[in-house]
Amino acid sequence: MACPYFIPDVRRDDILWPHPARLPLGAGFGGCCGAPQHAGERPDDDHLRDHCNLGYARCSRLPADRAADSVRYAVALAGAERLVVTYVFEREHAPGQCGHAEYDCRAKNFSVPHPDPRIQKQLECYVGEYLARQPRQ
Ligand code: SF4
């Protein structure tokens, strides 16, 4: 479950993640904060490891009035030509908004990008890691 405001942009294998393959996005990522008033700020490595990549962050940048504490991703359908990824927003450990995104493995893109660019970037990272572990023919 990643922080819903996290905008991952690069895989960071140089941070000491306890279990990198078990991380919500499939690996540890560096990136920017996308919270209001903090857009473009780059959290330090400790913060990336303990908060941005994990959700339910104890973070002063998080807006008090927010719809979600974290976003959870899972592959619901894995075909040769397309993946369907479900996502669920959580607030105080209760599920909230959910949906799915379809990825075209041949065209290498999502059929409909998520309207929130932060979530779209997380989807791209999640799918990239999934396909790196389970490449298509
Ligand atoms: S954990 Fe904090 S710094 Fe990281 S993306 Fe979320 S709000 Fe921004």
# chains A, B, ... in the order shown; residues from 1 in each chain; ligands from 1

call {"tool": "residues_around", "arguments": {"residues": "region 98-103 of chain A", "least_positions_apart": "4", "cutoff": "12 Å", "atoms": "only C-alpha atoms", "output": "ChimeraX atom specification"}}
result
/A:68,70-91,94,107-115,119-120,122-124,126-128,130-131

call {"tool": "select_by_dssp", "arguments": {"residues": "chain A", "states": "strand (DSSP E)", "output": "MDAnalysis selection string"}}
result
chainID A and resid 6:11 29:33 70:78 82:91 94:104 109:110

call {"tool": "closest_atom_pairs", "arguments": {"of": "chain A", "to": "ligand 1", "cutoff": "9 Å", "atoms": "only C-alpha atoms and all ligand atoms", "output": "Markdown table"}}
result
| residue | atom | partner | partner_atom_place_in_ligand_line | distance |
| --- | --- | --- | --- | --- |
| A:Ala2 | CA | ligand 1 | 6 (Fe) | 8.1 |
| A:Cys3 | CA | ligand 1 | 6 (Fe) | 4.8 |
| A:Pro4 | CA | ligand 1 | 6 (Fe) | 6.6 |
| A:Tyr5 | CA | ligand 1 | 5 (S) | 4.5 |
| A:Phe6 | CA | ligand 1 | 5 (S) | 3.6 |
| A:Ile7 | CA | ligand 1 | 5 (S) | 6.8 |
| A:Pro8 | CA | ligand 1 | 5 (S) | 8.7 |
| A:Gly31 | CA | ligand 1 | 5 (S) | 8.2 |
| A:Cys32 | CA | ligand 1 | 5 (S) | 6.5 |
| A:Cys33 | CA | ligand 1 | 8 (Fe) | 3.8 |
| A:Gly34 | CA | ligand 1 | 8 (Fe) | 5.9 |
| A:Ala35 | CA | ligand 1 | 7 (S) | 5.3 |
| A:Pro36 | CA | ligand 1 | 7 (S) | 8.6 |
| A:His38 | CA | ligand 1 | 8 (Fe) | 7.2 |
| A:Ala39 | CA | ligand 1 | 8 (Fe) | 8.2 |
| A:Glu41 | CA | ligand 1 | 3 (S) | 7.6 |
| A:Arg42 | CA | ligand 1 | 3 (S) | 7.5 |
| A:Pro43 | CA | ligand 1 | 3 (S) | 5.5 |
| A:Asp44 | CA | ligand 1 | 3 (S) | 8.7 |
| A:His47 | CA | ligand 1 | 4 (Fe) | 6.7 |
| A:Leu48 | CA | ligand 1 | 4 (Fe) | 6.4 |
| A:Asp50 | CA | ligand 1 | 1 (S) | 8.2 |
| A:His51 | CA | ligand 1 | 1 (S) | 4.6 |
| A:Cys52 | CA | ligand 1 | 4 (Fe) | 3.7 |
| A:Asn53 | CA | ligand 1 | 1 (S) | 7.4 |
| A:Leu54 | CA | ligand 1 | 1 (S) | 7.9 |
| A:Gly55 | CA | ligand 1 | 1 (S) | 6.5 |
| A:Tyr56 | CA | ligand 1 | 1 (S) | 7.8 |
| A:Ala57 | CA | ligand 1 | 1 (S) | 5.1 |
| A:Arg58 | CA | ligand 1 | 1 (S) | 7.2 |
| A:Cys59 | CA | ligand 1 | 2 (Fe) | 4.7 |
| A:Ser60 | CA | ligand 1 | 2 (Fe) | 6.6 |
| A:Arg61 | CA | ligand 1 | 7 (S) | 4.6 |
| A:Leu62 | CA | ligand 1 | 7 (S) | 4.1 |
| A:Pro63 | CA | ligand 1 | 7 (S) | 7.4 |
| A:Asp69 | CA | ligand 1 | 6 (Fe) | 8.6 |
| A:Ser70 | CA | ligand 1 | 6 (Fe) | 8.9 |

call {"tool": "atom_distance", "arguments": {"atom1": "CA of Arg12 (chain A)", "atom2": "CA of Asp116 (chain A)"}}
result
23.1 Å

call {"tool": "select_by_dssp", "arguments": {"residues": "chain A", "states": "alpha helix (DSSP H)", "output": "PyMOL selection string"}}
result
chain A and resi 45-47+117-133

call {"tool": "atom_distance", "arguments": {"atom1": "CA of Cys105 (chain A)", "atom2": "CA of Pro20 (chain A)"}}
result
24.2 Å

call {"tool": "closest_residue", "arguments": {"among": "A:Cys125, A:Met1, A:Ile15, A:Val10", "to": "Arg49 (chain A)", "atoms": "only C-alpha atoms"}}
result
A:Ile15

call {"tool": "residues_around", "arguments": {"residues": "Glu129 (chain A)", "least_positions_apart": "5", "cutoff": "10 Å", "atoms": "only C-alpha atoms", "output": "PDB file with all heavy atoms, in the first residue's frame"}}
result
ATOM      1  N   ARG A  11      13.237   3.405  -9.726  1.00  0.00           N
ATOM      2  CA  ARG A  11      13.466   2.298  -8.794  1.00  0.00           C
ATOM      3  C   ARG A  11      14.744   2.567  -8.022  1.00  0.00           C
ATOM      4  O   ARG A  11      15.757   2.964  -8.602  1.00  0.00           O
ATOM      5  CB  ARG A  11      13.569   0.996  -9.591  1.00  0.00           C
ATOM      6  CG  ARG A  11      13.735  -0.212  -8.708  1.00  0.00           C
ATOM      7  CD  ARG A  11      13.602  -1.473  -9.508  1.00  0.00           C
ATOM      8  NE  ARG A  11      14.344  -2.533  -8.849  1.00  0.00           N
ATOM      9  CZ  ARG A  11      14.133  -3.821  -9.024  1.00  0.00           C
ATOM     10  NH1 ARG A  11      13.210  -4.216  -9.875  1.00  0.00           N
ATOM     11  NH2 ARG A  11      14.850  -4.706  -8.391  1.00  0.00           N
ATOM     12  N   ALA A  21      10.879  -7.020  -2.623  1.00  0.00           N
ATOM     13  CA  ALA A  21       9.902  -7.623  -3.534  1.00  0.00           C
ATOM     14  C   ALA A  21       8.499  -7.620  -2.941  1.00  0.00           C
ATOM     15  O   ALA A  21       7.518  -7.770  -3.665  1.00  0.00           O
ATOM     16  CB  ALA A  21      10.309  -9.054  -3.882  1.00  0.00           C
ATOM     17  N   LEU A  25       4.558  -1.541  -4.451  1.00  0.00           N
ATOM     18  CA  LEU A  25       4.715  -1.311  -5.887  1.00  0.00           C
ATOM     19  C   LEU A  25       5.602  -2.367  -6.532  1.00  0.00           C
ATOM     20  O   LEU A  25       5.967  -2.248  -7.698  1.00  0.00           O
ATOM     21  CB  LEU A  25       5.283   0.095  -6.137  1.00  0.00           C
ATOM     22  CG  LEU A  25       4.381   1.234  -5.633  1.00  0.00           C
ATOM     23  CD1 LEU A  25       5.063   2.590  -5.833  1.00  0.00           C
ATOM     24  CD2 LEU A  25       3.022   1.229  -6.337  1.00  0.00           C
ATOM     25  N   GLY A  26       5.954  -3.385  -5.770  1.00  0.00           N
ATOM     26  CA  GLY A  26       6.762  -4.481  -6.309  1.00  0.00           C
ATOM     27  C   GLY A  26       8.243  -4.265  -6.183  1.00  0.00           C
ATOM     28  O   GLY A  26       9.041  -5.166  -6.458  1.00  0.00           O
ATOM     29  N   ALA A  27       8.643  -3.090  -5.760  1.00  0.00           N
ATOM     30  CA  ALA A  27      10.044  -2.724  -5.519  1.00  0.00           C
ATOM     31  C   ALA A  27      10.015  -1.386  -4.792  1.00  0.00           C
ATOM     32  O   ALA A  27       8.963  -0.741  -4.695  1.00  0.00           O
ATOM     33  CB  ALA A  27      10.831  -2.608  -6.829  1.00  0.00           C
ATOM     34  N   LEU A 123       0.519   3.004 -10.858  1.00  0.00           N
ATOM     35  CA  LEU A 123       0.104   1.862 -11.685  1.00  0.00           C
ATOM     36  C   LEU A 123       1.217   1.478 -12.660  1.00  0.00           C
ATOM     37  O   LEU A 123       1.510   0.294 -12.866  1.00  0.00           O
ATOM     38  CB  LEU A 123      -1.169   2.204 -12.459  1.00  0.00           C
ATOM     39  CG  LEU A 123      -2.479   2.143 -11.677  1.00  0.00           C
ATOM     40  CD1 LEU A 123      -3.581   2.892 -12.421  1.00  0.00           C
ATOM     41  CD2 LEU A 123      -2.890   0.697 -11.432  1.00  0.00           C
ATOM     42  N   GLU A 124       1.828   2.456 -13.276  1.00  0.00           N
ATOM     43  CA  GLU A 124       2.896   2.181 -14.244  1.00  0.00           C
ATOM     44  C   GLU A 124       4.068   1.478 -13.559  1.00  0.00           C
ATOM     45  O   GLU A 124       4.641   0.523 -14.106  1.00  0.00           O
ATOM     46  CB  GLU A 124       3.363   3.490 -14.898  1.00  0.00           C
ATOM     47  CG  GLU A 124       2.315   4.084 -15.830  1.00  0.00           C
ATOM     48  CD  GLU A 124       2.668   5.496 -16.278  1.00  0.00           C
ATOM     49  OE1 GLU A 124       3.796   5.955 -16.015  1.00  0.00           O
ATOM     50  OE2 GLU A 124       1.794   6.151 -16.887  1.00  0.00           O
ATOM     51  N   GLN A 134       7.424 -11.347 -14.524  1.00  0.00           N
ATOM     52  CA  GLN A 134       6.667 -12.299 -15.319  1.00  0.00           C
ATOM     53  C   GLN A 134       6.496 -11.763 -16.743  1.00  0.00           C
ATOM     54  O   GLN A 134       5.404 -11.329 -17.119  1.00  0.00           O
ATOM     55  CB  GLN A 134       5.301 -12.561 -14.680  1.00  0.00           C
ATOM     56  CG  GLN A 134       5.443 -13.054 -13.249  1.00  0.00           C
ATOM     57  CD  GLN A 134       4.165 -13.643 -12.710  1.00  0.00           C
ATOM     58  OE1 GLN A 134       3.469 -14.362 -13.402  1.00  0.00           O
ATOM     59  NE2 GLN A 134       3.859 -13.338 -11.469  1.00  0.00           N
ATOM     60  N   PRO A 135       7.583 -11.772 -17.506  1.00  0.00           N
ATOM     61  CA  PRO A 135       7.524 -11.181 -18.855  1.00  0.00           C
ATOM     62  C   PRO A 135       6.571 -11.926 -19.772  1.00  0.00           C
ATOM     63  O   PRO A 135       6.392 -13.140 -19.641  1.00  0.00           O
ATOM     64  CB  PRO A 135       8.974 -11.273 -19.345  1.00  0.00           C
ATOM     65  CG  PRO A 135       9.615 -12.301 -18.494  1.00  0.00           C
ATOM     66  CD  PRO A 135       8.896 -12.320 -17.186  1.00  0.00           C
TER      67      PRO A 135
END

call {"tool": "decode", "arguments": {"residues": "region 101-131 of chain A", "atoms": "C-alpha atoms", "output": "PDB file, in the first residue's frame"}}
result
ATOM      1  CA  ALA A 101      -6.996  -0.454 -14.884  1.00  0.00           C
ATOM      2  CA  GLU A 102      -6.315  -2.393 -18.060  1.00  0.00           C
ATOM      3  CA  TYR A 103      -2.814  -2.628 -19.472  1.00  0.00           C
ATOM      4  CA  ASP A 104      -2.216  -3.629 -23.088  1.00  0.00           C
ATOM      5  CA  CYS A 105       0.964  -5.731 -23.085  1.00  0.00           C
ATOM      6  CA  ARG A 106       1.500  -5.321 -26.841  1.00  0.00           C
ATOM      7  CA  ALA A 107       0.906  -1.578 -27.041  1.00  0.00           C
ATOM      8  CA  LYS A 108       2.644  -1.150 -23.650  1.00  0.00           C
ATOM      9  CA  ASN A 109       0.111   1.301 -22.324  1.00  0.00           C
ATOM     10  CA  PHE A 110      -3.040   1.579 -20.272  1.00  0.00           C
ATOM     11  CA  SER A 111      -6.242   1.681 -22.278  1.00  0.00           C
ATOM     12  CA  VAL A 112      -7.568   4.495 -20.057  1.00  0.00           C
ATOM     13  CA  PRO A 113      -5.116   6.402 -17.864  1.00  0.00           C
ATOM     14  CA  HIS A 114      -6.195   6.987 -14.277  1.00  0.00           C
ATOM     15  CA  PRO A 115      -7.462  10.556 -13.837  1.00  0.00           C
ATOM     16  CA  ASP A 116      -5.115  11.103 -10.879  1.00  0.00           C
ATOM     17  CA  PRO A 117      -1.573  11.321 -12.332  1.00  0.00           C
ATOM     18  CA  ARG A 118      -0.099  10.162  -9.002  1.00  0.00           C
ATOM     19  CA  ILE A 119      -2.106   6.942  -9.150  1.00  0.00           C
ATOM     20  CA  GLN A 120      -1.353   6.543 -12.842  1.00  0.00           C
ATOM     21  CA  LYS A 121       2.369   6.716 -12.075  1.00  0.00           C
ATOM     22  CA  GLN A 122       1.992   4.155  -9.301  1.00  0.00           C
ATOM     23  CA  LEU A 123       0.104   1.862 -11.685  1.00  0.00           C
ATOM     24  CA  GLU A 124       2.896   2.181 -14.244  1.00  0.00           C
ATOM     25  CA  CYS A 125       5.540   1.296 -11.661  1.00  0.00           C
ATOM     26  CA  TYR A 126       3.503  -1.600 -10.297  1.00  0.00           C
ATOM     27  CA  VAL A 127       2.900  -3.075 -13.765  1.00  0.00           C
ATOM     28  CA  GLY A 128       6.521  -2.511 -14.766  1.00  0.00           C
ATOM     29  CA  GLU A 129       7.717  -4.538 -11.807  1.00  0.00           C
ATOM     30  CA  TYR A 130       5.106  -7.239 -12.386  1.00  0.00           C
ATOM     31  CA  LEU A 131       6.124  -7.642 -16.027  1.00  0.00           C
TER      32      LEU A 131
END
